[in-house]
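**Student:** So I've got this file, start-v8.txt, and it contains compact mmCIF, C-alpha atoms:
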# COMPACT_ATOMS: atom_id res chain seq x y z
CA ARG G 23 19.72 1.15 20.05
CA LEU G 24 22.80 0.08 22.05
CA GLN G 25 25.00 2.56 20.22
CA LYS G 26 22.52 5.37 20.89
CA LEU G 27 22.28 4.38 24.57
CA LYS G 28 26.08 4.33 24.82
CA GLU G 29 26.37 7.82 23.31
CA MET G 30 23.74 9.19 25.69
CA PHE G 31 25.52 7.51 28.63
CA ILE G 32 28.85 9.12 27.71
CA SER G 33 27.29 12.56 27.39
CA LYS G 34 25.49 12.10 30.72
CA PHE G 35 28.26 10.59 32.88
CA GLY G 36 31.43 11.50 30.97
CA SER G 37 32.60 7.89 30.57
CA ALA G 38 31.49 4.74 28.78
CA PRO G 39 29.29 1.97 30.24
CA LYS G 40 31.06 -1.27 31.19
CA PHE G 41 28.07 -3.56 30.56
CA TYR G 42 24.38 -3.67 29.68
CA ALA G 43 21.50 -5.66 31.17
CA ARG G 44 18.18 -6.39 29.53
CA ALA G 45 14.92 -7.80 30.90
CA PRO G 46 11.80 -8.32 28.76
CA GLY G 47 8.18 -7.46 29.43
CA ARG G 48 5.63 -10.24 29.17
CA VAL G 49 2.15 -11.02 28.02
CA ASN G 50 0.12 -13.56 29.92
CA LEU G 51 -1.76 -15.75 27.43
CA ILE G 52 -3.99 -17.27 30.12
CA GLY G 53 -4.01 -17.55 33.91
CA GLU G 54 -4.87 -14.12 35.29
CA HIS G 55 -4.66 -13.33 39.01
CA ILE G 56 -3.89 -16.90 40.03
CA ASP G 57 -0.11 -16.91 40.52
CA TYR G 58 -0.45 -15.38 44.00
CA CYS G 59 -2.97 -18.13 44.79
CA GLY G 60 -0.28 -20.74 44.03
CA TYR G 61 -1.49 -21.77 40.56
CA ALA G 62 0.45 -22.21 37.31
CA VAL G 63 0.25 -19.51 34.63
CA LEU G 64 1.07 -19.42 30.94
CA PRO G 65 2.97 -16.28 29.85
CA MET G 66 5.53 -15.52 27.15
CA ALA G 67 8.19 -12.83 27.06
CA ILE G 68 7.68 -10.09 24.48
CA GLU G 69 10.30 -8.32 22.41
CA GLN G 70 9.78 -5.01 24.25
CA ASP G 71 12.17 -4.65 27.19
CA ILE G 72 14.03 -2.59 29.77
CA LEU G 73 17.68 -2.01 28.83
CA ILE G 74 20.17 -0.51 31.31
CA ALA G 75 23.70 0.72 30.54
CA VAL G 76 25.91 0.44 33.64
CA GLU G 77 29.24 1.65 34.93
CA PRO G 78 30.28 0.44 38.41
CA VAL G 79 32.01 3.29 40.31
CA GLN G 80 34.37 3.57 43.30
CA THR G 81 32.05 5.74 45.39
CA GLN G 82 29.03 4.17 47.10
CA VAL G 83 26.60 6.31 45.15
CA LEU G 84 23.89 5.19 42.76
CA GLN G 85 23.08 7.62 39.94
CA LEU G 86 20.02 6.72 37.87
CA ALA G 87 18.98 8.44 34.67
CA ASN G 88 16.34 7.64 32.03
CA THR G 89 16.39 8.23 28.28
CA ASN G 90 12.77 9.39 28.66
CA SER G 91 12.98 12.96 29.98
CA SER G 92 9.64 12.69 31.77
CA TYR G 93 11.37 10.39 34.30
CA LEU G 94 13.58 12.49 36.56
CA ASP G 95 17.17 11.64 37.50
CA PHE G 96 17.72 10.12 40.93
CA THR G 97 20.77 9.82 43.19
CA THR G 98 21.16 7.98 46.51
CA SER G 99 23.72 6.21 48.67
CA VAL G 100 23.76 2.44 48.02
CA ASN G 101 24.17 1.87 51.76
CA ASN G 102 20.85 3.26 52.83
CA ILE G 103 18.09 2.27 50.44
CA GLN G 104 14.71 3.85 51.23
CA ILE G 105 11.72 2.77 49.14
CA ASN G 106 8.70 5.05 49.17
CA LYS G 107 5.50 2.98 48.95
CA THR G 108 3.13 5.94 49.00
CA LYS G 109 4.16 7.31 45.61
CA PRO G 110 5.61 4.59 43.38
CA GLN G 111 8.06 6.37 41.09
CA TRP G 112 10.24 4.68 38.49
CA HIS G 113 13.45 4.73 40.54
CA ASN G 114 11.76 2.88 43.43
CA TYR G 115 11.37 -0.21 41.22
CA PHE G 116 15.10 -0.11 40.51
CA LEU G 117 15.75 0.18 44.26
CA CYS G 118 13.61 -2.94 44.89
CA GLY G 119 15.89 -5.07 42.68
CA LEU G 120 19.02 -3.51 44.16
CA LYS G 121 17.87 -4.04 47.75
CA GLY G 122 16.81 -7.65 47.05
CA ILE G 123 20.31 -8.62 45.87
CA GLN G 124 22.05 -6.65 48.62
CA GLU G 125 19.99 -8.36 51.32
CA HIS G 126 20.37 -11.83 49.79
CA PHE G 127 24.16 -11.59 49.92
CA GLY G 128 24.31 -9.36 53.03
CA LEU G 129 26.46 -6.87 51.08
CA ASN G 130 27.93 -4.36 53.55
CA ASN G 131 29.81 -2.23 51.04
CA PRO G 132 27.90 -2.60 47.78
CA THR G 133 29.32 -1.13 44.59
CA GLY G 134 28.08 2.29 43.49
CA MET G 135 26.83 2.60 39.90
CA ASN G 136 25.98 5.01 37.14
CA CYS G 137 22.97 3.67 35.24
CA LEU G 138 21.08 4.90 32.19
CA LEU G 139 17.79 3.18 31.50
CA ASP G 140 15.90 2.84 28.22
CA GLY G 141 12.51 1.14 28.07
CA THR G 142 10.32 0.08 25.15
CA ILE G 143 7.50 -1.50 27.22
CA PRO G 144 4.54 0.91 27.37
CA PRO G 145 4.30 1.92 31.08
CA SER G 146 1.23 1.00 33.19
CA SER G 147 -0.03 -1.17 30.34
CA GLY G 148 -0.18 -4.55 32.08
CA LEU G 149 2.87 -5.81 30.14
CA SER G 150 4.97 -5.85 33.27
CA SER G 151 7.26 -2.87 32.73
CA SER G 152 7.68 -2.49 36.50
CA SER G 153 8.69 -6.13 37.10
CA ALA G 154 11.06 -6.00 34.11
CA LEU G 155 12.71 -2.98 35.76
CA VAL G 156 13.00 -4.79 39.13
CA CYS G 157 14.52 -7.84 37.37
CA CYS G 158 16.91 -5.73 35.31
CA ALA G 159 18.03 -3.86 38.45
CA GLY G 160 18.59 -7.17 40.25
CA LEU G 161 20.70 -8.43 37.35
CA VAL G 162 22.69 -5.17 37.21
CA THR G 163 23.42 -5.26 40.97
CA LEU G 164 24.45 -8.92 40.79
CA ARG G 165 26.89 -8.27 37.97
CA ALA G 166 28.32 -5.02 39.40
CA ASN G 167 29.08 -6.77 42.70
CA GLY G 168 30.68 -9.79 41.02
CA LYS G 169 28.10 -12.30 42.31
CA THR G 170 26.30 -15.15 40.53
CA LEU G 171 22.91 -16.82 40.96
CA SER G 172 20.77 -19.18 38.90
CA LYS G 173 17.86 -17.74 36.92
CA VAL G 174 15.39 -19.42 39.28
CA GLU G 175 17.09 -17.88 42.35
CA LEU G 176 17.09 -14.47 40.69
CA ALA G 177 13.40 -14.76 39.83
CA GLU G 178 12.55 -15.71 43.42
CA ILE G 179 14.58 -12.84 44.91
CA CYS G 180 13.06 -10.29 42.51
CA THR G 181 9.54 -11.56 43.27
CA LYS G 182 10.09 -10.99 46.99
CA SER G 183 11.86 -7.68 46.55
CA GLU G 184 9.11 -6.15 44.38
CA ARG G 185 6.90 -6.40 47.47
CA TYR G 186 8.96 -3.58 49.01
CA ILE G 187 6.84 -1.26 46.88
CA GLY G 188 3.64 -2.65 48.35
CA THR G 189 2.43 -4.94 45.53
CA GLU G 190 1.52 -8.45 46.72
CA GLY G 191 2.49 -10.08 43.40
CA GLY G 192 2.72 -13.81 42.82
CA GLY G 193 5.92 -14.29 40.84
CA MET G 194 4.76 -14.83 37.25
CA ASP G 195 6.29 -11.60 35.87
CA GLN G 196 9.73 -12.07 37.37
CA SER G 197 9.83 -15.78 36.48
CA ILE G 198 9.08 -15.31 32.80
CA SER G 199 11.45 -12.32 32.63
CA PHE G 200 14.35 -14.60 33.62
CA LEU G 201 13.23 -18.03 32.37
CA ALA G 202 11.81 -17.12 28.95
CA GLU G 203 13.29 -18.62 25.80
CA GLU G 204 12.84 -17.46 22.25
CA GLY G 205 10.11 -19.21 20.28
CA THR G 206 8.19 -20.75 23.17
CA ALA G 207 5.67 -19.72 25.81
CA LYS G 208 6.14 -21.22 29.28
CA LEU G 209 3.96 -22.96 31.81
CA ILE G 210 5.27 -21.47 35.07
CA GLU G 211 4.58 -23.43 38.25
CA PHE G 212 5.36 -22.32 41.79
CA SER G 213 6.66 -23.90 45.03
CA PRO G 214 9.09 -25.00 43.71
CA LEU G 215 9.43 -22.60 40.79
CA ARG G 216 9.79 -24.35 37.42
CA ALA G 217 9.11 -23.55 33.78
CA THR G 218 8.01 -25.93 31.01
CA ASP G 219 8.06 -25.09 27.29
CA VAL G 220 4.66 -24.68 25.65
CA ARG G 221 4.87 -24.66 21.86
CA LEU G 222 2.12 -22.44 20.49
CA PRO G 223 0.31 -23.79 17.42
CA SER G 224 1.33 -22.48 14.02
CA GLY G 225 -1.09 -20.48 11.91
CA ALA G 226 -1.85 -17.85 14.56
CA THR G 227 -0.12 -14.72 15.81
CA PHE G 228 -0.58 -13.05 19.18
CA VAL G 229 -1.44 -9.36 19.02
CA ILE G 230 -1.24 -6.92 21.92
CA ALA G 231 -3.55 -3.91 21.98
CA ASN G 232 -3.22 -1.20 24.62
CA SER G 233 -6.55 0.21 25.88
CA CYS G 234 -4.62 3.43 26.72
CA VAL G 235 -6.13 3.35 30.20
CA GLU G 236 -3.17 3.38 32.58
CA MET G 237 -3.16 1.07 35.57
CA ASN G 238 -0.42 1.22 38.19
CA LYS G 239 -0.74 -1.83 40.48
CA ALA G 240 1.24 -0.28 43.30
CA ALA G 241 -0.76 2.95 43.23
CA THR G 242 -4.21 1.41 43.59
CA SER G 243 -5.75 -0.85 46.17
CA HIS G 244 -7.84 -2.93 43.68
CA TYR G 245 -5.04 -5.44 43.20
CA ASN G 246 -4.20 -5.94 46.87
CA ILE G 247 -7.91 -6.21 47.80
CA ARG G 248 -8.21 -9.17 45.38
CA VAL G 249 -5.16 -10.83 46.97
CA MET G 250 -6.80 -10.39 50.39
CA GLU G 251 -10.22 -11.66 49.21
CA CYS G 252 -8.51 -14.84 47.94
CA ARG G 253 -6.76 -15.24 51.29
CA LEU G 254 -10.04 -14.84 53.20
CA ALA G 255 -11.78 -17.32 50.85
CA THR G 256 -8.92 -19.74 51.61
CA LYS G 257 -9.53 -19.38 55.35
CA LEU G 258 -13.31 -19.89 55.12
CA LEU G 259 -13.05 -22.88 52.78
CA SER G 260 -10.38 -24.46 55.03
CA LYS G 261 -12.42 -23.92 58.20
CA SER G 262 -15.54 -25.44 56.62
CA LYS G 263 -13.55 -28.57 55.74
CA GLY G 264 -11.92 -28.95 59.15
CA LEU G 265 -8.43 -27.97 57.96
CA GLU G 266 -5.98 -25.90 60.01
CA TRP G 267 -7.27 -22.67 58.53
CA LYS G 268 -4.83 -20.38 60.37
CA LYS G 269 -1.93 -21.92 58.44
CA MET G 270 -3.65 -21.78 55.03
CA LEU G 271 -2.76 -18.80 52.85
CA ARG G 272 -3.53 -19.70 49.22
CA LEU G 273 -6.46 -21.29 47.41
CA HIS G 274 -4.05 -23.86 45.97
CA ASP G 275 -3.25 -25.05 49.52
CA VAL G 276 -6.91 -25.95 50.11
CA GLN G 277 -7.06 -28.08 46.98
CA THR G 278 -3.75 -29.80 47.83
CA LYS G 279 -4.78 -30.56 51.42
CA LEU G 280 -8.17 -31.93 50.34
CA GLY G 281 -6.62 -33.89 47.48
CA VAL G 282 -9.46 -33.07 45.08
CA SER G 283 -9.67 -31.82 41.47
CA LEU G 284 -10.23 -28.21 40.39
CA GLU G 285 -13.75 -29.19 39.30
CA GLU G 286 -14.46 -30.53 42.79
CA MET G 287 -13.09 -27.32 44.32
CA LEU G 288 -15.62 -25.35 42.23
CA THR G 289 -18.41 -27.49 43.71
CA ILE G 290 -17.08 -26.87 47.22
CA VAL G 291 -17.03 -23.09 46.55
CA GLU G 292 -20.71 -23.26 45.56
CA GLU G 293 -21.55 -25.22 48.74
CA VAL G 294 -19.54 -23.16 51.23
CA LEU G 295 -19.42 -19.54 50.04
CA HIS G 296 -22.45 -17.37 49.26
CA PRO G 297 -22.42 -14.95 46.30
CA GLU G 298 -23.42 -11.92 48.43
CA PRO G 299 -20.47 -9.89 49.73
CA TYR G 300 -19.21 -10.77 53.22
CA SER G 301 -18.85 -8.10 55.89
CA ALA G 302 -15.82 -8.13 58.18
CA GLU G 303 -18.17 -9.09 61.04
CA GLU G 304 -19.54 -12.12 59.14
CA ILE G 305 -16.02 -13.31 58.33
CA CYS G 306 -15.13 -13.07 62.03
CA LYS G 307 -18.23 -15.06 62.92
CA CYS G 308 -17.40 -17.80 60.38
CA LEU G 309 -13.82 -18.06 61.67
CA GLY G 310 -14.69 -17.62 65.34
CA ILE G 311 -12.32 -14.67 65.83
CA SER G 312 -12.67 -11.04 66.95
CA LEU G 313 -12.53 -8.03 64.62
CA GLU G 314 -9.29 -7.08 66.29
CA GLU G 315 -7.80 -10.50 65.42
CA LEU G 316 -8.99 -10.15 61.81
CA HIS G 317 -7.27 -6.78 61.51
CA SER G 318 -4.07 -7.69 63.28
CA GLN G 319 -3.55 -11.25 62.06
CA ILE G 320 -5.11 -11.57 58.59
CA LEU G 321 -5.71 -8.22 56.89
CA SER G 322 -2.59 -6.46 55.63
CA GLN G 323 -1.74 -2.91 56.67
CA ASN G 324 -3.30 -1.28 53.61
CA MET G 325 -6.57 -3.26 53.89
CA GLN G 326 -7.66 -2.07 57.33
CA ASP G 327 -10.52 0.12 56.13
CA VAL G 328 -12.03 -2.29 53.57
CA SER G 329 -15.43 -3.35 54.94
CA THR G 330 -16.87 -5.87 52.42
CA PHE G 331 -15.31 -8.78 50.58
CA LYS G 332 -16.51 -10.89 47.62
CA LEU G 333 -15.21 -14.36 48.36
CA HIS G 334 -17.43 -16.66 46.26
CA GLN G 335 -16.72 -14.80 42.98
CA ARG G 336 -12.96 -14.55 43.55
CA ALA G 337 -12.51 -18.23 44.46
CA LYS G 338 -14.69 -19.28 41.52
CA HIS G 339 -12.53 -17.27 39.12
CA VAL G 340 -9.27 -18.67 40.51
CA TYR G 341 -10.25 -22.35 40.37
CA SER G 342 -11.84 -22.09 36.91
CA GLU G 343 -8.91 -20.05 35.53
CA ALA G 344 -6.40 -22.57 36.94
CA ALA G 345 -8.29 -25.30 35.05
CA ARG G 346 -8.20 -23.22 31.83
CA VAL G 347 -4.39 -22.92 32.07
CA LEU G 348 -3.97 -26.69 32.25
CA GLU G 349 -6.43 -27.18 29.39
CA PHE G 350 -4.56 -24.57 27.27
CA LYS G 351 -1.26 -26.40 27.81
CA LYS G 352 -2.86 -29.76 27.02
CA ILE G 353 -4.28 -28.47 23.71
CA CYS G 354 -0.88 -27.03 22.75
CA SER G 355 0.80 -30.39 23.51
CA GLU G 356 -1.75 -32.56 21.73
CA ALA G 357 -2.24 -30.12 18.80
CA PRO G 358 -5.65 -31.38 17.56
CA ALA G 359 -6.87 -30.10 14.17
CA ASN G 360 -9.16 -27.53 15.84
CA ALA G 361 -6.50 -26.38 18.38
CA LEU G 362 -6.83 -22.69 17.50
CA GLN G 363 -10.62 -22.70 18.00
CA LEU G 364 -10.27 -24.48 21.36
CA LEU G 365 -7.59 -22.08 22.60
CA GLY G 366 -9.63 -19.10 21.41
CA GLU G 367 -12.61 -20.37 23.38
CA LEU G 368 -10.50 -20.61 26.56
CA MET G 369 -9.25 -17.04 26.08
CA LYS G 370 -12.83 -15.78 25.69
CA GLN G 371 -13.96 -17.65 28.83
CA SER G 372 -11.00 -16.22 30.72
CA HIS G 373 -12.00 -12.67 29.81
CA ILE G 374 -15.62 -13.23 30.85
CA SER G 375 -14.45 -14.60 34.21
CA CYS G 376 -12.08 -11.63 34.73
CA ARG G 377 -14.93 -9.26 33.90
CA GLU G 378 -17.78 -10.92 35.82
CA MET G 379 -16.18 -12.85 38.69
CA TYR G 380 -12.95 -11.00 39.37
CA GLU G 381 -14.22 -7.57 38.25
CA CYS G 382 -10.78 -6.52 37.01
CA SER G 383 -11.77 -5.31 33.56
CA CYS G 384 -12.99 -1.84 32.55
CA PRO G 385 -15.31 -0.54 29.77
CA GLU G 386 -12.40 0.25 27.43
CA LEU G 387 -10.91 -3.25 27.77
CA ASP G 388 -14.31 -4.86 27.15
CA ARG G 389 -14.80 -2.69 24.07
CA LEU G 390 -11.33 -3.54 22.77
CA VAL G 391 -11.93 -7.29 23.24
CA ASP G 392 -15.23 -6.97 21.33
CA ILE G 393 -13.55 -5.04 18.50
CA CYS G 394 -10.75 -7.63 18.24
CA LEU G 395 -13.24 -10.51 18.07
CA GLN G 396 -15.37 -8.62 15.55
CA PHE G 397 -12.38 -8.18 13.22
CA GLY G 398 -11.24 -11.80 13.17
CA ALA G 399 -9.46 -12.66 16.44
CA ILE G 400 -10.09 -16.31 17.36
CA GLY G 401 -9.76 -15.41 21.03
CA SER G 402 -9.18 -12.18 22.97
CA ARG G 403 -8.85 -11.25 26.64
CA LEU G 404 -7.41 -8.70 29.02
CA THR G 405 -3.84 -9.44 30.08
CA GLY G 406 -1.99 -8.27 33.16
CA ALA G 407 -3.65 -6.98 36.31
CA GLY G 408 -6.55 -5.40 34.40
CA TRP G 409 -8.46 -2.20 35.24
CA GLY G 410 -6.74 -0.79 32.15
CA GLY G 411 -3.66 -1.87 30.25
CA CYS G 412 -3.73 -4.33 27.35
CA THR G 413 -5.63 -7.10 25.65
CA VAL G 414 -4.01 -10.09 23.96
CA SER G 415 -5.68 -11.61 20.90
CA MET G 416 -4.97 -14.71 18.86
CA VAL G 417 -5.29 -13.86 15.17
CA PRO G 418 -4.95 -16.13 12.10
CA THR G 419 -1.57 -15.15 10.62
CA ASP G 420 -2.99 -14.79 7.10
CA LYS G 421 -5.51 -12.21 8.39
CA LEU G 422 -3.04 -10.24 10.49
CA ASN G 423 -2.64 -7.14 8.31
CA THR G 424 -6.36 -6.64 7.77
CA PHE G 425 -6.95 -7.20 11.49
CA LEU G 426 -4.40 -4.55 12.51
CA LYS G 427 -5.82 -2.05 10.01
CA ASN G 428 -9.41 -2.57 11.20
CA VAL G 429 -8.62 -2.42 14.92
CA LYS G 430 -6.59 0.78 14.38
CA LYS G 431 -9.54 2.34 12.64
CA ALA G 432 -12.19 1.16 15.12
CA TYR G 433 -10.37 1.83 18.40
CA TYR G 434 -7.44 4.21 17.94
CA GLN G 435 -8.49 6.53 15.15
CA THR G 436 -11.76 7.49 16.86
CA ASP G 437 -9.94 9.21 19.72
CA GLY G 438 -7.24 11.91 19.54
CA GLN G 439 -5.42 10.73 22.65
CA ARG G 440 -5.23 7.13 21.44
CA LEU G 441 -4.30 8.23 17.93
CA ALA G 442 -1.16 9.91 19.30
CA VAL G 443 0.16 6.63 20.69
CA GLU G 444 -1.30 4.09 18.23
CA ASN G 445 2.08 3.02 16.83
CA ASN G 446 3.25 1.72 20.21
CA SER G 447 -0.19 0.49 21.23
CA LEU G 448 -1.00 -2.23 18.71
CA PHE G 449 1.57 -4.83 17.71
CA ALA G 450 2.04 -8.49 16.90
CA THR G 451 4.56 -10.30 19.08
CA LYS G 452 6.44 -13.59 19.16
CA PRO G 453 7.78 -15.36 22.27
CA GLY G 454 11.05 -13.56 23.08
CA ARG G 455 14.09 -14.52 25.15
CA GLY G 456 14.68 -13.84 28.83
CA ALA G 457 16.92 -11.44 30.74
CA LEU G 458 20.63 -11.30 29.96
CA VAL G 459 23.82 -9.27 30.48
CA PHE G 460 26.19 -8.28 27.69
CA VAL G 461 29.57 -6.68 28.08
CA GLU G 462 31.27 -3.95 26.06
CA ALA G 463 33.58 -5.71 23.59
Could you write out this file's structure as structure tokens?

**Tutor:**
Amino acid sequence: RLQKLKEMFISKFGSAPKFYARAPGRVNLIGEHIDYCGYAVLPMAIEQDILIAVEPVQTQVLQLANTNSSYLDFTTSVNNIQINKTKPQWHNYFLCGLKGIQEHFGLNNPTGMNCLLDGTIPPSSGLSSSSALVCCAGLVTLRANGKTLSKVELAEICTKSERYIGTEGGGMDQSISFLAEEGTAKLIEFSPLRATDVRLPSGATFVIANSCVEMNKAATSHYNIRVMECRLATKLLSKSKGLEWKKMLRLHDVQTKLGVSLEEMLTIVEEVLHPEPYSAEEICKCLGISLEELHSQILSQNMQDVSTFKLHQRAKHVYSEAARVLEFKKICSEAPANALQLLGELMKQSHISCREMYECSCPELDRLVDICLQFGAIGSRLTGAGWGGCTVSMVPTDKLNTFLKNVKKAYYQTDGQRLAVENNSLFATKPGRGALVFVEA
């Protein structure tokens, strides 16, 4: 693959690349939509990745090209980076990583670059192709400008810089992209960012299946509405408990300030928040603020015309999912005889909560989860933002081949569009290694 990329680079730019950077995609085994609420998640890097061949140049021009001809070439000055939020195109994700590094170091005359990108992560599939691209671009810019940072610093910069495109992400994708190690999943905790190895039990293989429904986080408001609903739930829960609600941003902060368990937080959610949707007016009444204050101080720019919010369901999902992550890690550490069954049960519960409480599934994902469970998966759930993208299933290793054959037949071979992409849509994966740079020998 490297040799092929090098040849394409030479034919495109007329000279050879000086170095390559790679950043992997990821699959989240459990812990969906809770990183931006401050809670730990449990992802692993996959073998699929973004690979960029790079040649630093004397001019302050960035030239970007892609081995996939459906992604158009892009050229810009490195001194004046403009990121278009309204139409998230592939090059904007590269620009996020570039801008993040430039701003961190205050680079006045950053190095220009010729870059050729090759990606094996299916796009808009919930396997974090966009964050892998942001991370890879950050790594490329760092190297080209002769700077160094720790992996943790890089992950934190790339998390912030991806927000230039308008996605209010929480940091899981960038953290696992840099901190992953081969052979182990990671428990990723935030504030401060740290990663702990989680050895997955033997006897099972994780299988990713793409629903073939594309979901682009930055292009839809679903994702950002959920972030906002969690923030509003934080404010109402804090106010009801006499905390300084104006300062509270994440559901994790409420639990920390109250010093209670996740189970107790679930009880508080039941006591304080009602299951019916809240109107903007009711939220203002609960907080004792005006509509104008709600719009100017709490709701983000792209949320101004949302009129109802489901707070009870979102908070319930977050606190119960956070508990499932800790339970998953505990089972992996203690490795009881029935570990696989227990983990499978947690994955199933996670999917039900994503479907019912967070409403981030879709009919195709639900069908795919059912098919995977029907053909022998011990556990199966959506992974990534949802509303399309992929499922992850835990399958007994000795049943893997039969499982793959049956799922292909039941989900992919019944539909011409899916059939065309089935080879890249269903695959077993092992925990892969994190981002790295390698230089032309």

**Student:** Tell me, counting only C-alpha atoms, for each residue of segment 224-298 of chain G within 12 Å of segment 36-53 of chain G, which pair of atoms is nearest and how far apart they are in Å to one decimal, in rows ordered by chain and increasing number, as a tab-separated table.

**Tutor:**
residue	atom	partner	partner_atom	distance
G:Thr227	CA	G:Leu51	CA	11.8
G:Phe228	CA	G:Leu51	CA	8.8
G:Val229	CA	G:Val49	CA	9.8
G:Ile230	CA	G:Val49	CA	8.1
G:Ala231	CA	G:Val49	CA	10.9
G:Asn232	CA	G:Val49	CA	11.7

**Student:** Using Å and a single decimal, report how far atom CA of Leu284 of chain G sits from atom CA of Cys180 of chain G.

**Tutor:**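 Atom-to-atom, atom CA of Cys180 of chain G to atom CA of Leu284 of chain G, that is 29.5 Å.
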
**Student:** Using Å and a single decimal, report how far atom CA of Lys352 of chain G sits from atom CA of Gln277 of chain G.

**Tutor:**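 Interatomic distance here is 20.5 Å.
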
**Student:** Considering all atoms listed in the file, return as a ChimeraX atom specification whatever protein or nucleic-acid residues lie within 10 Å of segment 308-321 of chain G, sequence-local ones (same chain, fewer than 2 positions apart) excluded.

**Tutor:** /G:247,250-251,253-254,257-258,260-262,267-268,271,302-306,323-328

**Student:** Can you measure atom CA of Gln85 of chain G to atom CA of Thr98 of chain G for me? One decimal in Å is fine.

**Tutor:** 6.9 Å

**Student:** Which protein, DNA or RNA residues have an atom at most 12 Å from (-26.2, -12.3, 43.8), counting all atoms listed in the file? List them as a list in words.

**Tutor:** Leu295, His296, Pro297, Glu298, Pro299, Tyr300, Lys332, His334, Gln335, Glu378 and Met379 of chain G

**Student:** For Ala359 of chain G, which of G:Gly281, G:Cys376, G:Pro223, G:Ile72 is the closest residue, counting all atoms listed in the file?

**Tutor:** G:Pro223

**Student:** Between G:Ala87, G:Ala337, G:Leu149, G:Ala344, which has the minimum distance to Tyr61 of chain G (counting all atoms listed in the file)?

**Tutor:**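 Of all the options, G:Ala344 lies closest to Tyr61 of chain G.
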
**Student:** When you count only C-alpha atoms, which of these residues is closest to Ser283 of chain G: G:Gln371, G:Ser402, G:Ser342, G:Thr189?

**Tutor:**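 Using only C-alpha atoms, Ser283 of chain G sits closest to G:Ser342.
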
**Student:** Which is closest to Leu73 of chain G among G:Gly134, G:Gly128, G:Pro418, G:Gly141, if we use all atoms listed in the file?

**Tutor:**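 Nearest candidate to Leu73 of chain G out of G:Gly134, G:Gly128, G:Pro418, G:Gly141: G:Gly141.
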
**Student:** Give me the residues near Cys137 of chain G as a list in words, where near means some atom within 6 Å (using all atoms listed in the file) and where sequence neighbours in that chain fewer than 2 positions away do not count.

**Tutor:** Ala75, Val76 and Leu86 of chain G

**Student:** Using only C-alpha atoms, what residues lie at most 10 Å away from (4.2, -29.6, 22.6) (file coordinates), given as a PyMOL selection string?

**Tutor:** chain G and resi 206+218-223+351-357

**Student:** Counting only C-alpha atoms, which of G:Thr256, G:Ala345, G:Ile105, G:Arg272 gets nearest to Glu286 of chain G?

**Tutor:** G:Ala345

**Student:** Taking into account only C-alpha atoms, which residue in the set G:Leu348, G:Met270, G:Val235, G:Ala159 is nearest to Gly119 of chain G?

**Tutor:**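 Result for the nearest residue to Gly119 of chain G: G:Ala159.
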
**Student:** Would you pick out the contacts of Pro144 of chain G at 12 Å or less, using only C-alpha atoms, so that residues sharing its chain but fewer than 5 positions from it are not included, and give the list as JSON, numbers by chain?

**Tutor:** {"G": [46, 47, 48, 68, 69, 70, 71, 72, 90, 149, 150, 151, 152, 154, 230, 231, 232, 233, 234, 235, 236, 237, 238, 411, 412, 443, 444, 445, 446, 447, 448, 449]}

**Student:** For Gly192 of chain G, please output as a list in words all residues within 9 Å (counting only C-alpha atoms; exclusion window: fewer than 6 positions along the same chain).

**Tutor:**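 These residues fall inside the cut-off: His55, Ile56, Asp57, Tyr58, Cys59, Gly60, Thr181, Lys182 and Phe212 of chain G.
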
**Student:** Would you pull segment 109-117 of chain G out of the block just shown and save N, CA and C atoms as a compact mmCIF listing (two decimals), in the first residue's frame?

**Tutor:**
# COMPACT_ATOMS: atom_id res chain seq x y z
N LYS G 109 -20.89 23.19 4.72
CA LYS G 109 -20.84 22.01 3.85
C LYS G 109 -19.56 21.25 4.17
N PRO G 110 -19.61 20.33 5.13
CA PRO G 110 -18.36 19.68 5.57
C PRO G 110 -17.78 18.77 4.48
N GLN G 111 -16.76 19.25 3.80
CA GLN G 111 -16.09 18.42 2.79
C GLN G 111 -14.80 17.85 3.36
N TRP G 112 -14.26 16.84 2.70
CA TRP G 112 -13.14 16.10 3.28
C TRP G 112 -11.96 17.00 3.65
N HIS G 113 -11.64 17.99 2.78
CA HIS G 113 -10.45 18.80 3.06
C HIS G 113 -10.61 19.67 4.32
N ASN G 114 -11.88 19.98 4.69
CA ASN G 114 -12.09 20.80 5.89
C ASN G 114 -11.63 20.08 7.16
N TYR G 115 -11.74 18.74 7.17
CA TYR G 115 -11.27 17.98 8.34
C TYR G 115 -9.74 18.05 8.44
N PHE G 116 -9.08 18.02 7.28
CA PHE G 116 -7.62 18.18 7.28
C PHE G 116 -7.27 19.56 7.84
N LEU G 117 -8.02 20.58 7.37
CA LEU G 117 -7.74 21.96 7.81
C LEU G 117 -7.93 22.13 9.32
